[in-house]
Amino acid sequence: MVNKGRFVDAGMALYKIADLSVVWLIADIYESELPAIRVGQQAAIQMSYYPGETFTGKAIYIYPYMDAQTRTAKVRYEFANPHGKLKPEMFANVEITVRLGDKLAVPEGAVIDTGVRKVVIVDRGSGYFEPREVRLGVKAGDVFEVLRWPQGRGTGGHQRQLPHRFGIQAQGAIGGMGHQH
């Protein structure tokens, strides 16, 4: 680039022209979330510079390598920028909506993680509770997808997991998990 008063040689680049009507955003996606990302998938970004404003774009390229230190991969998103609000080197928060379909799910607070297994406590009614070991899948917000529920032990319309694990843990420690009078 050239500054005022500087000598200019033939062929020297004096300035850069960039078309910013469409911009790219490079997002770092955690390794565990990468299987849910697809080319063409929509994303929304918000920035502190424009509170309350959302910009939408789509994934156009998933880089074929991981960063060994951060355990992230880069995904390139393309955003229309008709008013020139999006500038190079800005930071943004990226939100990607992933449709998981209809799945059995439990709230994060209902899962007891022993370090060896994951258990939910099911309310059997009339004061009876039953622990059930489950295998969990994707976490979406504050719920986990349930990949495996014990065979022959359907969820049953009347059964439900307890929303909070701490009360039932205390009850189990004090007097067992059975019927109370």
# chains A, B, ... in the order shown; residues from 1 in each chain; ligands from 1
>>> residues_around(residues="Arg135 of chain A", least_positions_apart="3", cutoff="8 Å", atoms="only C-alpha atoms", output="list in words")
Lys118, Val146, Leu147, Arg148 and Trp149 of chain A
>>> select_by_dssp(residues="segment 18-146 of chain A", states="strand (DSSP E)", output="ChimeraX atom specification")
/A:22-30,42-46,55-67,72-80,93-95,105-107,111-113,118-125,128-140,143-146
>>> residues_around(residues="segment 87-96 of chain A", least_positions_apart="6", cutoff="9 Å", atoms="only C-alpha atoms", output="PyMOL selection string")
chain A and resi 20+23-25+27+37+41-48
>>> write_last_selection(atoms="N, CA, C and O atoms", output="PDB file, in the first residue's frame")
ATOM      1  N   LEU A  20     -17.411  -6.403  -0.925  1.00  0.00           N
ATOM      2  CA  LEU A  20     -17.907  -6.910   0.352  1.00  0.00           C
ATOM      3  C   LEU A  20     -19.422  -7.111   0.351  1.00  0.00           C
ATOM      4  O   LEU A  20     -20.049  -7.165   1.403  1.00  0.00           O
ATOM      5  N   VAL A  23     -19.775 -11.764   2.182  1.00  0.00           N
ATOM      6  CA  VAL A  23     -18.588 -11.974   3.017  1.00  0.00           C
ATOM      7  C   VAL A  23     -18.560 -13.405   3.530  1.00  0.00           C
ATOM      8  O   VAL A  23     -19.589 -14.080   3.614  1.00  0.00           O
ATOM      9  N   TRP A  24     -17.359 -13.854   3.870  1.00  0.00           N
ATOM     10  CA  TRP A  24     -17.169 -15.170   4.476  1.00  0.00           C
ATOM     11  C   TRP A  24     -16.934 -15.004   5.962  1.00  0.00           C
ATOM     12  O   TRP A  24     -16.277 -14.057   6.404  1.00  0.00           O
ATOM     13  N   LEU A  25     -17.448 -15.945   6.706  1.00  0.00           N
ATOM     14  CA  LEU A  25     -17.172 -16.039   8.129  1.00  0.00           C
ATOM     15  C   LEU A  25     -16.560 -17.418   8.357  1.00  0.00           C
ATOM     16  O   LEU A  25     -17.095 -18.418   7.874  1.00  0.00           O
ATOM     17  N   ALA A  27     -15.833 -20.120  11.055  1.00  0.00           N
ATOM     18  CA  ALA A  27     -16.240 -20.495  12.414  1.00  0.00           C
ATOM     19  C   ALA A  27     -15.440 -21.693  12.885  1.00  0.00           C
ATOM     20  O   ALA A  27     -15.156 -22.605  12.101  1.00  0.00           O
ATOM     21  N   ILE A  37     -22.768 -30.824  11.226  1.00  0.00           N
ATOM     22  CA  ILE A  37     -22.598 -29.720  10.282  1.00  0.00           C
ATOM     23  C   ILE A  37     -22.568 -30.251   8.852  1.00  0.00           C
ATOM     24  O   ILE A  37     -21.887 -31.235   8.557  1.00  0.00           O
ATOM     25  N   GLN A  41     -26.007 -25.890   5.067  1.00  0.00           N
ATOM     26  CA  GLN A  41     -26.754 -25.683   6.306  1.00  0.00           C
ATOM     27  C   GLN A  41     -26.761 -24.201   6.686  1.00  0.00           C
ATOM     28  O   GLN A  41     -25.746 -23.529   6.585  1.00  0.00           O
ATOM     29  N   GLN A  42     -27.897 -23.713   7.132  1.00  0.00           N
ATOM     30  CA  GLN A  42     -28.014 -22.303   7.496  1.00  0.00           C
ATOM     31  C   GLN A  42     -27.428 -22.028   8.876  1.00  0.00           C
ATOM     32  O   GLN A  42     -27.398 -22.910   9.736  1.00  0.00           O
ATOM     33  N   ALA A  43     -26.983 -20.805   9.050  1.00  0.00           N
ATOM     34  CA  ALA A  43     -26.466 -20.329  10.334  1.00  0.00           C
ATOM     35  C   ALA A  43     -26.921 -18.890  10.510  1.00  0.00           C
ATOM     36  O   ALA A  43     -27.177 -18.174   9.538  1.00  0.00           O
ATOM     37  N   ALA A  44     -27.021 -18.488  11.758  1.00  0.00           N
ATOM     38  CA  ALA A  44     -27.356 -17.103  12.085  1.00  0.00           C
ATOM     39  C   ALA A  44     -26.223 -16.539  12.932  1.00  0.00           C
ATOM     40  O   ALA A  44     -25.645 -17.255  13.738  1.00  0.00           O
ATOM     41  N   ILE A  45     -25.899 -15.271  12.708  1.00  0.00           N
ATOM     42  CA  ILE A  45     -24.859 -14.640  13.525  1.00  0.00           C
ATOM     43  C   ILE A  45     -25.419 -13.387  14.182  1.00  0.00           C
ATOM     44  O   ILE A  45     -26.295 -12.716  13.637  1.00  0.00           O
ATOM     45  N   GLN A  46     -24.899 -13.124  15.364  1.00  0.00           N
ATOM     46  CA  GLN A  46     -25.186 -11.885  16.074  1.00  0.00           C
ATOM     47  C   GLN A  46     -23.843 -11.298  16.489  1.00  0.00           C
ATOM     48  O   GLN A  46     -22.900 -12.028  16.751  1.00  0.00           O
ATOM     49  N   MET A  47     -23.815  -9.978  16.549  1.00  0.00           N
ATOM     50  CA  MET A  47     -22.593  -9.281  16.947  1.00  0.00           C
ATOM     51  C   MET A  47     -22.925  -8.186  17.939  1.00  0.00           C
ATOM     52  O   MET A  47     -23.994  -7.580  17.860  1.00  0.00           O
ATOM     53  N   SER A  48     -21.985  -7.925  18.835  1.00  0.00           N
ATOM     54  CA  SER A  48     -22.191  -6.868  19.827  1.00  0.00           C
ATOM     55  C   SER A  48     -22.294  -5.509  19.154  1.00  0.00           C
ATOM     56  O   SER A  48     -22.894  -4.585  19.699  1.00  0.00           O
TER      57      SER A  48
END
>>> atom_distance(atom1="atom CA of Gly127 of chain A", atom2="atom CA of Val143 of chain A")
25.0 Å
>>> residues_around(residues="Tyr77 of chain A", least_positions_apart="2", cutoff="7 Å", atoms="only C-alpha atoms", output="PyMOL selection string")
chain A and resi 24-26+57-60+75+79
>>> write_last_selection(atoms="N, CA, C and O atoms", output="short mmCIF file (atom, residue, chain, number, x, y, z; two decimals), in the first residue's frame")
data_model
loop_
_atom_site.label_atom_id
_atom_site.label_comp_id
_atom_site.auth_asym_id
_atom_site.auth_seq_id
_atom_site.Cartn_x
_atom_site.Cartn_y
_atom_site.Cartn_z
N TRP A 24 -17.36 -13.85 3.87
CA TRP A 24 -17.17 -15.17 4.48
C TRP A 24 -16.93 -15.00 5.96
O TRP A 24 -16.28 -14.06 6.40
N LEU A 25 -17.45 -15.94 6.71
CA LEU A 25 -17.17 -16.04 8.13
C LEU A 25 -16.56 -17.42 8.36
O LEU A 25 -17.09 -18.42 7.87
N ILE A 26 -15.43 -17.46 9.04
CA ILE A 26 -14.79 -18.74 9.35
C ILE A 26 -15.09 -19.04 10.81
O ILE A 26 -14.69 -18.29 11.70
N GLY A 57 -26.81 -16.86 6.93
CA GLY A 57 -25.98 -17.32 5.83
C GLY A 57 -25.99 -18.83 5.78
O GLY A 57 -26.80 -19.47 6.45
N LYS A 58 -25.06 -19.40 5.00
CA LYS A 58 -25.03 -20.86 4.90
C LYS A 58 -23.58 -21.35 4.83
O LYS A 58 -22.68 -20.62 4.38
N ALA A 59 -23.39 -22.59 5.25
CA ALA A 59 -22.08 -23.23 5.20
C ALA A 59 -21.74 -23.54 3.75
O ALA A 59 -22.56 -24.11 3.02
N ILE A 60 -20.54 -23.14 3.32
CA ILE A 60 -20.14 -23.41 1.93
C ILE A 60 -18.92 -24.33 1.85
O ILE A 60 -18.63 -24.85 0.79
N VAL A 75 -15.16 -24.05 9.58
CA VAL A 75 -16.24 -24.13 8.60
C VAL A 75 -16.43 -22.73 8.04
O VAL A 75 -16.50 -21.75 8.78
N PHE A 79 -22.27 -15.01 3.85
CA PHE A 79 -23.36 -14.12 4.25
C PHE A 79 -23.51 -12.99 3.25
O PHE A 79 -22.52 -12.37 2.86
#
>>> residues_around(residues="Val120 of chain A", least_positions_apart="2", cutoff="9 Å", atoms="only C-alpha atoms", output="count of residues only")
15
>>> residues_around(residues="Gln69 of chain A", least_positions_apart="4", cutoff="12 Å", atoms="only C-alpha atoms", output="list in words")
Tyr30, Glu31 and Ala73 of chain A
>>> atom_distance(atom1="atom CA of Thr114 of chain A", atom2="atom CA of Glu145 of chain A")
18.0 Å
>>> decode(residues="segment 100-134 of chain A", atoms="N, CA, C and O atoms", output="short mmCIF file (atom, residue, chain, number, x, y, z; two decimals), in the first residue's frame")
data_model
loop_
_atom_site.label_atom_id
_atom_site.label_comp_id
_atom_site.auth_asym_id
_atom_site.auth_seq_id
_atom_site.Cartn_x
_atom_site.Cartn_y
_atom_site.Cartn_z
N LEU A 100 -32.83 -32.59 14.75
CA LEU A 100 -32.51 -33.95 15.19
C LEU A 100 -33.69 -34.90 15.01
O LEU A 100 -33.55 -36.10 15.25
N GLY A 101 -34.86 -34.38 14.66
CA GLY A 101 -36.04 -35.22 14.53
C GLY A 101 -36.66 -35.49 15.89
O GLY A 101 -36.26 -34.92 16.90
N ASP A 102 -37.64 -36.37 15.93
CA ASP A 102 -38.29 -36.73 17.18
C ASP A 102 -37.47 -37.80 17.87
O ASP A 102 -37.23 -38.88 17.31
N LYS A 103 -37.03 -37.52 19.07
CA LYS A 103 -36.17 -38.43 19.82
C LYS A 103 -36.64 -38.46 21.26
O LYS A 103 -37.22 -37.50 21.76
N LEU A 104 -36.34 -39.56 21.95
CA LEU A 104 -36.54 -39.62 23.38
C LEU A 104 -35.42 -38.80 24.00
O LEU A 104 -34.26 -38.94 23.64
N ALA A 105 -35.77 -37.91 24.93
CA ALA A 105 -34.78 -37.02 25.53
C ALA A 105 -35.06 -36.86 27.01
O ALA A 105 -36.19 -37.02 27.47
N VAL A 106 -33.99 -36.56 27.75
CA VAL A 106 -34.12 -36.29 29.19
C VAL A 106 -33.40 -34.98 29.49
O VAL A 106 -32.39 -34.67 28.87
N PRO A 107 -33.92 -34.22 30.47
CA PRO A 107 -33.24 -32.98 30.86
C PRO A 107 -31.87 -33.29 31.46
O PRO A 107 -31.69 -34.30 32.14
N GLU A 108 -30.92 -32.42 31.23
CA GLU A 108 -29.57 -32.57 31.76
C GLU A 108 -29.59 -32.76 33.28
O GLU A 108 -28.85 -33.58 33.83
N GLY A 109 -30.46 -32.05 33.97
CA GLY A 109 -30.54 -32.12 35.42
C GLY A 109 -31.07 -33.44 35.95
O GLY A 109 -30.97 -33.73 37.14
N ALA A 110 -31.67 -34.28 35.07
CA ALA A 110 -32.21 -35.57 35.51
C ALA A 110 -31.18 -36.69 35.37
O ALA A 110 -31.44 -37.81 35.79
N VAL A 111 -30.02 -36.41 34.80
CA VAL A 111 -29.01 -37.45 34.56
C VAL A 111 -28.03 -37.50 35.73
O VAL A 111 -27.46 -36.49 36.12
N ILE A 112 -27.85 -38.71 36.26
CA ILE A 112 -26.83 -38.94 37.29
C ILE A 112 -25.65 -39.60 36.58
O ILE A 112 -25.77 -40.70 36.06
N ASP A 113 -24.53 -38.91 36.53
CA ASP A 113 -23.33 -39.42 35.87
C ASP A 113 -22.39 -39.93 36.95
O ASP A 113 -21.80 -39.15 37.69
N THR A 114 -22.25 -41.26 37.05
CA THR A 114 -21.41 -41.85 38.09
C THR A 114 -19.95 -41.89 37.69
O THR A 114 -19.10 -42.27 38.48
N GLY A 115 -19.66 -41.52 36.46
CA GLY A 115 -18.31 -41.65 35.93
C GLY A 115 -18.14 -42.95 35.17
O GLY A 115 -17.30 -43.07 34.29
N VAL A 116 -18.94 -43.95 35.52
CA VAL A 116 -18.91 -45.25 34.85
C VAL A 116 -20.16 -45.43 33.99
O VAL A 116 -20.11 -46.00 32.92
N ARG A 117 -21.28 -44.94 34.48
CA ARG A 117 -22.54 -45.07 33.75
C ARG A 117 -23.39 -43.83 33.99
O ARG A 117 -23.13 -43.04 34.89
N LYS A 118 -24.44 -43.72 33.17
CA LYS A 118 -25.37 -42.60 33.30
C LYS A 118 -26.74 -43.20 33.65
O LYS A 118 -27.19 -44.15 33.02
N VAL A 119 -27.37 -42.62 34.67
CA VAL A 119 -28.61 -43.16 35.20
C VAL A 119 -29.64 -42.05 35.30
O VAL A 119 -29.30 -40.91 35.62
N VAL A 120 -30.91 -42.39 35.01
CA VAL A 120 -32.02 -41.50 35.30
C VAL A 120 -32.93 -42.24 36.27
O VAL A 120 -32.99 -43.47 36.28
N ILE A 121 -33.62 -41.51 37.10
CA ILE A 121 -34.56 -42.09 38.06
C ILE A 121 -35.96 -41.90 37.50
O ILE A 121 -36.35 -40.78 37.16
N VAL A 122 -36.71 -43.00 37.38
CA VAL A 122 -38.05 -42.96 36.82
C VAL A 122 -39.07 -43.04 37.95
O VAL A 122 -38.95 -43.86 38.85
N ASP A 123 -40.05 -42.19 37.90
CA ASP A 123 -41.15 -42.16 38.86
C ASP A 123 -42.15 -43.24 38.43
O ASP A 123 -42.81 -43.11 37.41
N ARG A 124 -42.26 -44.30 39.23
CA ARG A 124 -43.17 -45.40 38.91
C ARG A 124 -44.56 -45.16 39.49
O ARG A 124 -45.46 -45.98 39.32
N GLY A 125 -44.73 -44.07 40.20
CA GLY A 125 -46.02 -43.74 40.80
C GLY A 125 -46.12 -44.29 42.22
O GLY A 125 -45.36 -45.19 42.61
N SER A 126 -47.02 -43.76 42.99
CA SER A 126 -47.28 -44.19 44.37
C SER A 126 -46.03 -44.19 45.23
O SER A 126 -45.88 -45.04 46.12
N GLY A 127 -45.10 -43.30 44.97
CA GLY A 127 -43.90 -43.20 45.79
C GLY A 127 -42.78 -44.16 45.42
O GLY A 127 -41.78 -44.24 46.13
N TYR A 128 -42.93 -44.91 44.35
CA TYR A 128 -41.88 -45.83 43.91
C TYR A 128 -41.02 -45.18 42.82
O TYR A 128 -41.56 -44.58 41.89
N PHE A 129 -39.72 -45.35 42.96
CA PHE A 129 -38.77 -44.81 42.00
C PHE A 129 -37.84 -45.92 41.57
O PHE A 129 -37.53 -46.82 42.34
N GLU A 130 -37.40 -45.84 40.32
CA GLU A 130 -36.54 -46.89 39.78
C GLU A 130 -35.39 -46.27 38.99
O GLU A 130 -35.63 -45.45 38.11
N PRO A 131 -34.14 -46.64 39.30
CA PRO A 131 -33.02 -46.14 38.49
C PRO A 131 -32.97 -46.89 37.16
O PRO A 131 -33.22 -48.09 37.10
N ARG A 132 -32.66 -46.19 36.11
CA ARG A 132 -32.51 -46.81 34.78
C ARG A 132 -31.22 -46.32 34.16
O ARG A 132 -31.02 -45.13 34.00
N GLU A 133 -30.37 -47.26 33.79
CA GLU A 133 -29.14 -46.89 33.09
C GLU A 133 -29.49 -46.59 31.64
O GLU A 133 -30.24 -47.33 31.01
N VAL A 134 -28.96 -45.50 31.13
CA VAL A 134 -29.24 -45.08 29.76
C VAL A 134 -27.93 -44.76 29.05
O VAL A 134 -26.91 -44.50 29.68
#
